[in-house]
file structure-v4.pdb (PDB, C-alpha atoms, pLDDT in the B column)
ATOM      1  CA  MET A   1      10.019  38.286  37.308  1.00 46.00           C
ATOM      2  CA  SER A   2       9.553  40.212  34.061  1.00 46.00           C
ATOM      3  CA  ARG A   3       6.132  40.531  32.423  1.00 48.00           C
ATOM      4  CA  ARG A   4       7.742  39.385  29.166  1.00 47.00           C
ATOM      5  CA  VAL A   5       8.047  35.765  30.311  1.00 43.00           C
ATOM      6  CA  PRO A   6       4.281  35.128  30.705  1.00 46.00           C
ATOM      7  CA  PHE A   7       3.675  36.888  27.362  1.00 41.00           C
ATOM      8  CA  PHE A   8       6.344  34.693  25.731  1.00 41.00           C
ATOM      9  CA  LEU A   9       4.726  31.544  27.170  1.00 37.00           C
ATOM     10  CA  LEU A  10       1.288  32.673  25.980  1.00 37.00           C
ATOM     11  CA  ALA A  11       2.674  33.348  22.472  1.00 39.00           C
ATOM     12  CA  CYS A  12       4.224  29.849  22.417  1.00 38.00           C
ATOM     13  CA  LEU A  13       0.910  28.247  23.380  1.00 36.00           C
ATOM     14  CA  VAL A  14      -0.882  30.152  20.600  1.00 36.00           C
ATOM     15  CA  LEU A  15       1.729  29.040  18.074  1.00 38.00           C
ATOM     16  CA  ILE A  16       1.497  25.420  19.244  1.00 38.00           C
ATOM     17  CA  GLY A  17      -2.268  25.567  18.719  1.00 39.00           C
ATOM     18  CA  GLN A  18      -1.627  26.643  15.115  1.00 36.00           C
ATOM     19  CA  ALA A  19       1.083  24.069  14.434  1.00 38.00           C
ATOM     20  CA  PRO A  20       0.742  21.970  11.256  1.00 39.00           C
ATOM     21  CA  ALA A  21      -0.705  18.458  11.425  1.00 42.00           C
ATOM     22  CA  ARG A  22       1.551  15.864  13.001  1.00 47.00           C
ATOM     23  CA  ALA A  23       3.353  13.439  10.716  1.00 49.00           C
ATOM     24  CA  ASP A  24       1.424  10.465  12.123  1.00 63.00           C
ATOM     25  CA  GLU A  25      -1.989  11.890  11.192  1.00 84.00           C
ATOM     26  CA  TRP A  26      -3.833  10.508   8.175  1.00 88.00           C
ATOM     27  CA  THR A  27      -3.779  12.405   4.895  1.00 90.00           C
ATOM     28  CA  THR A  28      -6.428  11.664   2.264  1.00 92.00           C
ATOM     29  CA  LEU A  29      -5.427  12.331  -1.339  1.00 93.00           C
ATOM     30  CA  GLU A  30      -8.407  12.254  -3.678  1.00 93.00           C
ATOM     31  CA  ASN A  31      -8.657  12.181  -7.479  1.00 93.00           C
ATOM     32  CA  CYS A  32      -5.318  10.414  -7.871  1.00 96.00           C
ATOM     33  CA  GLU A  33      -4.097   9.187 -11.247  1.00 96.00           C
ATOM     34  CA  PHE A  34      -1.898   6.191 -12.030  1.00 96.00           C
ATOM     35  CA  VAL A  35       1.590   7.093 -13.293  1.00 96.00           C
ATOM     36  CA  ALA A  36       3.392   4.549 -15.446  1.00 92.00           C
ATOM     37  CA  ALA A  37       6.884   4.052 -14.071  1.00 87.00           C
ATOM     38  CA  LYS A  38       9.878   1.910 -14.986  1.00 80.00           C
ATOM     39  CA  TYR A  39       9.420  -0.144 -11.857  1.00 79.00           C
ATOM     40  CA  HIS A  40       6.138  -0.962 -10.203  1.00 89.00           C
ATOM     41  CA  ASP A  41       4.582  -4.072  -8.693  1.00 93.00           C
ATOM     42  CA  GLY A  42       1.107  -5.174  -7.816  1.00 96.00           C
ATOM     43  CA  ASP A  43       1.535  -3.689  -4.347  1.00 96.00           C
ATOM     44  CA  SER A  44       3.853  -0.749  -5.101  1.00 94.00           C
ATOM     45  CA  PHE A  45       3.200   1.949  -7.707  1.00 96.00           C
ATOM     46  CA  SER A  46       3.130   5.680  -8.413  1.00 95.00           C
ATOM     47  CA  LEU A  47       0.098   7.956  -8.177  1.00 97.00           C
ATOM     48  CA  ARG A  48      -0.161  11.629  -9.102  1.00 95.00           C
ATOM     49  CA  THR A  49      -2.415  14.065  -7.263  1.00 93.00           C
ATOM     50  CA  ARG A  50      -2.871  17.810  -6.891  1.00 81.00           C
ATOM     51  CA  LYS A  51      -3.812  19.890  -3.916  1.00 73.00           C
ATOM     52  CA  LYS A  52      -7.223  21.593  -4.022  1.00 71.00           C
ATOM     53  CA  GLY A  53      -7.068  24.949  -5.749  1.00 73.00           C
ATOM     54  CA  SER A  54      -3.542  24.328  -7.060  1.00 76.00           C
ATOM     55  CA  SER A  55      -2.336  23.468 -10.541  1.00 83.00           C
ATOM     56  CA  ARG A  56       0.838  21.878  -9.136  1.00 89.00           C
ATOM     57  CA  THR A  57       0.903  18.077  -9.118  1.00 92.00           C
ATOM     58  CA  TYR A  58       2.704  15.707  -6.760  1.00 92.00           C
ATOM     59  CA  THR A  59       3.725  12.145  -7.538  1.00 93.00           C
ATOM     60  CA  TYR A  60       4.049   9.619  -4.719  1.00 93.00           C
ATOM     61  CA  ILE A  61       5.221   6.020  -4.700  1.00 93.00           C
ATOM     62  CA  PHE A  62       2.843   4.032  -2.503  1.00 95.00           C
ATOM     63  CA  ARG A  63       3.140   0.568  -0.957  1.00 95.00           C
ATOM     64  CA  LEU A  64      -0.081  -1.124   0.124  1.00 96.00           C
ATOM     65  CA  TYR A  65      -0.769  -1.807   3.756  1.00 94.00           C
ATOM     66  CA  GLY A  66      -1.467  -5.452   4.588  1.00 93.00           C
ATOM     67  CA  ALA A  67      -0.976  -7.159   1.209  1.00 96.00           C
ATOM     68  CA  ASP A  68       2.119  -8.594  -0.465  1.00 96.00           C
ATOM     69  CA  CYS A  69       2.171  -9.480  -4.170  1.00 97.00           C
ATOM     70  CA  PRO A  70       4.757 -11.834  -5.651  1.00 96.00           C
ATOM     71  CA  GLU A  71       7.939 -10.092  -6.804  1.00 93.00           C
ATOM     72  CA  SER A  72       7.803  -9.319 -10.523  1.00 89.00           C
ATOM     73  CA  ASP A  73      11.566  -9.178 -11.054  1.00 85.00           C
ATOM     74  CA  ALA A  74      13.434 -12.387 -10.249  1.00 76.00           C
ATOM     75  CA  GLU A  75      16.753 -10.489 -10.185  1.00 78.00           C
ATOM     76  CA  GLN A  76      15.695  -7.990  -7.482  1.00 75.00           C
ATOM     77  CA  GLU A  77      14.971 -10.058  -4.379  1.00 80.00           C
ATOM     78  CA  PRO A  78      16.125 -13.696  -4.691  1.00 85.00           C
ATOM     79  CA  LEU A  79      15.710 -14.504  -0.967  1.00 89.00           C
ATOM     80  CA  ARG A  80      12.257 -12.918  -0.915  1.00 89.00           C
ATOM     81  CA  ILE A  81      11.252 -14.929  -3.984  1.00 92.00           C
ATOM     82  CA  VAL A  82      12.262 -18.158  -2.211  1.00 93.00           C
ATOM     83  CA  GLU A  83      10.205 -17.133   0.847  1.00 95.00           C
ATOM     84  CA  GLN A  84       7.198 -16.191  -1.300  1.00 95.00           C
ATOM     85  CA  ALA A  85       7.476 -19.452  -3.260  1.00 95.00           C
ATOM     86  CA  ARG A  86       7.298 -21.336   0.032  1.00 95.00           C
ATOM     87  CA  HIS A  87       4.201 -19.426   1.136  1.00 96.00           C
ATOM     88  CA  PHE A  88       2.389 -19.645  -2.207  1.00 96.00           C
ATOM     89  CA  ARG A  89       3.501 -23.273  -2.708  1.00 95.00           C
ATOM     90  CA  LEU A  90       4.901 -22.519  -6.135  1.00 95.00           C
ATOM     91  CA  PRO A  91       8.285 -23.196  -7.733  1.00 95.00           C
ATOM     92  CA  PRO A  92      10.489 -20.090  -7.299  1.00 93.00           C
ATOM     93  CA  ALA A  93      10.693 -19.807 -11.108  1.00 92.00           C
ATOM     94  CA  ASP A  94       6.922 -19.130 -11.213  1.00 95.00           C
ATOM     95  CA  ILE A  95       6.934 -16.250  -8.708  1.00 95.00           C
ATOM     96  CA  SER A  96       8.040 -13.498 -11.112  1.00 94.00           C
ATOM     97  CA  HIS A  97       5.389 -14.593 -13.653  1.00 95.00           C
ATOM     98  CA  TRP A  98       2.645 -14.143 -11.041  1.00 97.00           C
ATOM     99  CA  GLY A  99       4.284 -10.912  -9.906  1.00 96.00           C
ATOM    100  CA  ARG A 100       3.875  -9.538 -13.428  1.00 95.00           C
ATOM    101  CA  VAL A 101       0.249 -10.756 -13.522  1.00 97.00           C
ATOM    102  CA  ALA A 102      -0.393  -8.885 -10.244  1.00 97.00           C
ATOM    103  CA  ALA A 103       1.400  -5.753 -11.544  1.00 96.00           C
ATOM    104  CA  ASP A 104      -0.686  -5.836 -14.747  1.00 96.00           C
ATOM    105  CA  PHE A 105      -3.907  -6.271 -12.746  1.00 98.00           C
ATOM    106  CA  THR A 106      -3.062  -3.296 -10.534  1.00 98.00           C
ATOM    107  CA  GLU A 107      -2.088  -1.125 -13.496  1.00 97.00           C
ATOM    108  CA  GLU A 108      -5.293  -1.933 -15.411  1.00 97.00           C
ATOM    109  CA  THR A 109      -7.432  -1.477 -12.288  1.00 98.00           C
ATOM    110  CA  LEU A 110      -5.901   1.933 -11.561  1.00 98.00           C
ATOM    111  CA  LYS A 111      -5.933   3.092 -15.205  1.00 97.00           C
ATOM    112  CA  SER A 112      -9.614   2.251 -15.670  1.00 97.00           C
ATOM    113  CA  ALA A 113     -10.748   3.599 -12.280  1.00 97.00           C
ATOM    114  CA  LYS A 114     -13.188   6.485 -12.104  1.00 97.00           C
ATOM    115  CA  SER A 115     -11.954   7.366  -8.608  1.00 97.00           C
ATOM    116  CA  ILE A 116      -8.676   6.658  -6.790  1.00 98.00           C
ATOM    117  CA  THR A 117      -8.115   7.774  -3.200  1.00 97.00           C
ATOM    118  CA  ALA A 118      -4.875   7.293  -1.252  1.00 96.00           C
ATOM    119  CA  ILE A 119      -5.073   7.329   2.544  1.00 94.00           C
ATOM    120  CA  THR A 120      -1.627   7.614   4.090  1.00 93.00           C
ATOM    121  CA  ARG A 121       0.337   8.749   7.098  1.00 88.00           C
ATOM    122  CA  LYS A 122       3.400   9.073   4.880  1.00 83.00           C
ATOM    123  CA  THR A 123       5.094   6.313   6.865  1.00 79.00           C
ATOM    124  CA  GLU A 124       8.180   5.305   4.906  1.00 78.00           C
ATOM    125  CA  ALA A 125       7.984   1.872   3.308  1.00 72.00           C
ATOM    126  CA  GLY A 126      11.575   1.419   2.128  1.00 67.00           C
ATOM    127  CA  GLY A 127      12.101  -0.377  -1.179  1.00 58.00           C
ATOM    128  CA  GLN A 128      14.516  -0.345  -4.108  1.00 55.00           C
ATOM    129  CA  SER A 129      13.689   3.144  -5.382  1.00 54.00           C
ATOM    130  CA  ARG A 130      15.806   6.127  -4.364  1.00 62.00           C
ATOM    131  CA  LYS A 131      12.576   8.078  -3.980  1.00 71.00           C
ATOM    132  CA  ASN A 132      10.554   7.786  -0.786  1.00 82.00           C
ATOM    133  CA  ARG A 133       7.872   5.145  -0.801  1.00 85.00           C
ATOM    134  CA  TYR A 134       4.962   5.472   1.625  1.00 92.00           C
ATOM    135  CA  TYR A 135       2.506   2.958   3.035  1.00 93.00           C
ATOM    136  CA  ALA A 136      -1.082   3.686   2.029  1.00 95.00           C
ATOM    137  CA  PHE A 137      -4.569   2.307   1.729  1.00 96.00           C
ATOM    138  CA  ILE A 138      -5.745   2.737  -1.848  1.00 97.00           C
ATOM    139  CA  GLU A 139      -9.451   2.912  -2.583  1.00 97.00           C
ATOM    140  CA  VAL A 140     -10.384   2.275  -6.215  1.00 98.00           C
ATOM    141  CA  ASP A 141     -13.986   3.157  -7.024  1.00 97.00           C
ATOM    142  CA  GLY A 142     -14.761   2.679  -3.327  1.00 95.00           C
ATOM    143  CA  ARG A 143     -13.008  -0.710  -3.020  1.00 97.00           C
ATOM    144  CA  ASP A 144      -9.822  -1.461  -1.069  1.00 96.00           C
ATOM    145  CA  LEU A 145      -7.098  -2.436  -3.570  1.00 98.00           C
ATOM    146  CA  ALA A 146      -5.323  -4.725  -1.074  1.00 97.00           C
ATOM    147  CA  VAL A 147      -8.557  -6.673  -0.538  1.00 97.00           C
ATOM    148  CA  LEU A 148      -9.109  -6.908  -4.318  1.00 98.00           C
ATOM    149  CA  LEU A 149      -5.615  -8.315  -4.879  1.00 98.00           C
ATOM    150  CA  VAL A 150      -5.967 -10.900  -2.113  1.00 98.00           C
ATOM    151  CA  GLU A 151      -9.458 -11.912  -3.332  1.00 98.00           C
ATOM    152  CA  LYS A 152      -8.121 -12.391  -6.880  1.00 98.00           C
ATOM    153  CA  GLY A 153      -5.355 -14.669  -5.603  1.00 98.00           C
ATOM    154  CA  LEU A 154      -2.655 -12.170  -6.599  1.00 98.00           C
ATOM    155  CA  ALA A 155      -1.413 -11.277  -3.099  1.00 98.00           C
ATOM    156  CA  ARG A 156      -1.179 -12.644   0.393  1.00 97.00           C
ATOM    157  CA  ALA A 157      -2.229 -11.086   3.675  1.00 96.00           C
ATOM    158  CA  PHE A 158       1.161  -9.960   4.898  1.00 92.00           C
ATOM    159  CA  GLY A 159       3.260  -7.019   5.964  1.00 80.00           C
ATOM    160  CA  GLN A 160       2.671  -3.689   7.622  1.00 76.00           C
ATOM    161  CA  SER A 161      -0.822  -3.287   9.020  1.00 77.00           C
ATOM    162  CA  THR A 162      -2.637  -0.510  10.822  1.00 84.00           C
ATOM    163  CA  ALA A 163      -6.139   0.504  11.850  1.00 82.00           C
ATOM    164  CA  TYR A 164      -8.344   1.367   8.875  1.00 79.00           C
ATOM    165  CA  GLY A 165     -11.990   1.976   8.057  1.00 79.00           C
ATOM    166  CA  GLY A 166     -13.183   1.692  11.645  1.00 84.00           C
ATOM    167  CA  GLN A 167     -11.223  -1.542  12.176  1.00 86.00           C
ATOM    168  CA  SER A 168      -8.223  -2.105  14.402  1.00 90.00           C
ATOM    169  CA  ALA A 169      -4.956  -3.262  12.824  1.00 90.00           C
ATOM    170  CA  ASP A 170      -5.719  -6.817  14.020  1.00 91.00           C
ATOM    171  CA  GLN A 171      -9.235  -6.741  12.565  1.00 93.00           C
ATOM    172  CA  TYR A 172      -7.943  -5.487   9.212  1.00 93.00           C
ATOM    173  CA  ALA A 173      -5.214  -8.166   9.148  1.00 93.00           C
ATOM    174  CA  ARG A 174      -7.801 -10.860   9.980  1.00 94.00           C
ATOM    175  CA  LEU A 175     -10.068  -9.590   7.169  1.00 94.00           C
ATOM    176  CA  LEU A 176      -7.224 -10.016   4.666  1.00 96.00           C
ATOM    177  CA  GLU A 177      -6.373 -13.452   6.102  1.00 96.00           C
ATOM    178  CA  ARG A 178     -10.014 -14.535   5.615  1.00 97.00           C
ATOM    179  CA  LYS A 179      -9.926 -13.253   2.030  1.00 97.00           C
ATOM    180  CA  GLU A 180      -6.718 -15.219   1.426  1.00 97.00           C
ATOM    181  CA  ARG A 181      -8.225 -18.438   2.812  1.00 97.00           C
ATOM    182  CA  THR A 182     -11.253 -17.976   0.540  1.00 98.00           C
ATOM    183  CA  ALA A 183      -9.067 -17.304  -2.521  1.00 97.00           C
ATOM    184  CA  LYS A 184      -7.015 -20.414  -1.711  1.00 96.00           C
ATOM    185  CA  ARG A 185     -10.156 -22.538  -1.254  1.00 96.00           C
ATOM    186  CA  ASP A 186     -11.614 -21.223  -4.530  1.00 96.00           C
ATOM    187  CA  ARG A 187      -8.257 -21.663  -6.322  1.00 96.00           C
ATOM    188  CA  ALA A 188      -8.275 -18.043  -7.475  1.00 97.00           C
ATOM    189  CA  GLY A 189      -5.308 -16.589  -9.349  1.00 97.00           C
ATOM    190  CA  LEU A 190      -1.986 -18.170  -8.436  1.00 97.00           C
ATOM    191  CA  TRP A 191      -3.743 -20.554  -6.064  1.00 97.00           C
ATOM    192  CA  SER A 192      -5.097 -22.293  -9.187  1.00 96.00           C
ATOM    193  CA  VAL A 193      -1.601 -23.691  -9.839  1.00 95.00           C
ATOM    194  CA  ALA A 194      -0.267 -23.810  -6.263  1.00 94.00           C
ATOM    195  CA  GLN A 195       0.814 -27.206  -4.974  1.00 87.00           C
ATOM    196  CA  LEU A 196      -1.749 -27.345  -2.189  1.00 81.00           C
ATOM    197  CA  PRO A 197      -2.246 -30.453  -0.075  1.00 77.00           C
ATOM    198  CA  GLN A 198      -5.305 -32.485  -1.071  1.00 64.00           C
TER     199      GLN A 198
END
call {"tool": "encode", "arguments": {"input": "structure-v4.pdb", "output": "structure tokens"}}
result
Amino acid sequence: MSRRVPFFLLACLVLIGQAPARADEWTTLENCEFVAAKYHDGDSFSLRTRKKGSSRTYTYIFRLYGADCPESDAEQEPLRIVEQARHFRLPPADISHWGRVAADFTEETLKSAKSITAITRKTEAGGQSRKNRYYAFIEVDGRDLAVLLVEKGLARAFGQSTAYGGQSADQYARLLERKERTAKRDRAGLWSVAQLPQ
């Protein structure tokens, strides 16, 4: 056996040790800025960030983990609007109104924030845009945006979930479900006009 083979294997092991981070590892993007875009929702929007030491900026479209706001465009997702209307106990015609309220809340919250951090694995979230959209947790001045939306009665606990902030995916989903029950009980946001049983 040639001495080159062990050297080749050793070189491969060294290179593997220096390989870039795996795609499923978390990336934290700090000092993000809201980017106004033609299409955004309460739970899907664009943020701009720059890498440390670089003047180059990157714009990402993010979709929140764990929270689902009403659709803001009645033309986009008619079947989804019917499903959301059923969940929120609203007439389907009211869904896009509350979707715009949620989108406005998110935009104002992100515009006025002193600090926005996106925590993502760059897991693709699909959507209507041709550009990639990634699931992310968004922290606004230290608060979880998904939790804020659910607390305000502008979103439901729903959708893709994963471990976050020392909690398992199930624990995080249960936290959002508790926040939704409280918002419903307190008649916050859209729950103030929902046709809830007495």
call {"tool": "closest_residue", "arguments": {"input": "structure-v4.pdb", "among": "A:Gly153, A:Gly99, A:Gly142, A:Gly189", "to": "Pro70 of chain A", "atoms": "all atoms listed in the file"}}
result
A:Gly99
call {"tool": "closest_atom_pairs", "arguments": {"input": "structure-v4.pdb", "of": "segment 118-176 of chain A", "to": "segment 39-47 of chain A", "cutoff": "9 Å", "atoms": "only C-alpha atoms", "output": "JSON lines"}}
result
{"residue": "A:Ala118", "atom": "CA", "partner": "A:Leu47", "partner_atom": "CA", "distance": 8.6}
{"residue": "A:Ser129", "atom": "CA", "partner": "A:Tyr39", "partner_atom": "CA", "distance": 8.4}
{"residue": "A:Arg133", "atom": "CA", "partner": "A:Ser44", "partner_atom": "CA", "distance": 8.3}
{"residue": "A:Leu145", "atom": "CA", "partner": "A:Asp43", "partner_atom": "CA", "distance": 8.8}
{"residue": "A:Ala146", "atom": "CA", "partner": "A:Asp43", "partner_atom": "CA", "distance": 7.7}
{"residue": "A:Leu149", "atom": "CA", "partner": "A:Gly42", "partner_atom": "CA", "distance": 8.0}
{"residue": "A:Leu154", "atom": "CA", "partner": "A:Gly42", "partner_atom": "CA", "distance": 8.0}
{"residue": "A:Ala155", "atom": "CA", "partner": "A:Gly42", "partner_atom": "CA", "distance": 8.1}
call {"tool": "resolve_selection", "arguments": {"input": "structure-v4.pdb", "expression": "the PyMOL selection byres ((chain A and resi 107-117) around 8)", "output": "list of chain:residue names"}}
result
A:Thr28, A:Leu29, A:Glu30, A:Asn31, A:Cys32, A:Glu33, A:Phe34, A:Gly42, A:Ala103, A:Asp104, A:Phe105, A:Thr106, A:Ala118, A:Ile119, A:Ile138, A:Glu139, A:Val140, A:Asp141, A:Gly142
call {"tool": "atom_distance", "arguments": {"input": "structure-v4.pdb", "atom1": "atom CA of Phe158 of chain A", "atom2": "atom CA of Gly66 of chain A"}}
result
5.2 Å
call {"tool": "residues_around", "arguments": {"input": "structure-v4.pdb", "residues": "segment 94-97 of chain A", "least_positions_apart": "3", "cutoff": "8 Å", "atoms": "only C-alpha atoms", "output": "list in words"}}
result
Pro70, Glu71, Ser72, Asp73, Ala74, Ile81, Gln84, Ala85, Leu90, Pro91, Arg100 and Val101 of chain A
call {"tool": "resolve_selection", "arguments": {"input": "structure-v4.pdb", "expression": "the PyMOL selection byres ((chain A and resi 125) around 9)", "output": "list of chain:residue names"}}
result
A:Phe62, A:Arg63, A:Lys122, A:Thr123, A:Glu124, A:Gly126, A:Gly127, A:Asn132, A:Arg133, A:Tyr134, A:Tyr135, A:Gln160
call {"tool": "write_last_selection", "arguments": {"input": "structure-v4.pdb", "atoms": "C-alpha atoms", "output": "JSON list (two decimals), in the frame of the given file"}}
result
[["chain", "number", "residue", "atom", "x", "y", "z"],
["A", 62, "PHE", "CA", 2.84, 4.03, -2.50],
["A", 63, "ARG", "CA", 3.14, 0.57, -0.96],
["A", 122, "LYS", "CA", 3.40, 9.07, 4.88],
["A", 123, "THR", "CA", 5.09, 6.31, 6.86],
["A", 124, "GLU", "CA", 8.18, 5.30, 4.91],
["A", 126, "GLY", "CA", 11.58, 1.42, 2.13],
["A", 127, "GLY", "CA", 12.10, -0.38, -1.18],
["A", 132, "ASN", "CA", 10.55, 7.79, -0.79],
["A", 133, "ARG", "CA", 7.87, 5.14, -0.80],
["A", 134, "TYR", "CA", 4.96, 5.47, 1.62],
["A", 135, "TYR", "CA", 2.51, 2.96, 3.04],
["A", 160, "GLN", "CA", 2.67, -3.69, 7.62]]
call {"tool": "atom_distance", "arguments": {"input": "structure-v4.pdb", "atom1": "atom CA of Thr27 of chain A", "atom2": "atom CA of Val147 of chain A"}}
result
20.4 Å
call {"tool": "closest_atom_pairs", "arguments": {"input": "structure-v4.pdb", "of": "segment 15-89 of chain A", "to": "segment 170-180 of chain A", "cutoff": "12 Å", "atoms": "only C-alpha atoms", "output": "tab-separated table"}}
result
residue	atom	partner	partner_atom	distance
A:Tyr65	CA	A:Ala173	CA	9.4
A:Gly66	CA	A:Ala173	CA	6.5
A:Ala67	CA	A:Leu176	CA	7.7
A:Asp68	CA	A:Leu176	CA	10.8
A:Cys69	CA	A:Glu180	CA	12.0
A:His87	CA	A:Glu180	CA	11.7
A:Phe88	CA	A:Glu180	CA	10.8
call {"tool": "atom_distance", "arguments": {"input": "structure-v4.pdb", "atom1": "atom CA of Thr120 of chain A", "atom2": "atom CA of Ala136 of chain A"}}
result
4.5 Å
call {"tool": "closest_residue", "arguments": {"input": "structure-v4.pdb", "among": "A:Lys131, A:Lys184, A:Arg56, A:Lys51", "to": "Arg89 of chain A", "atoms": "only C-alpha atoms"}}
result
A:Lys184
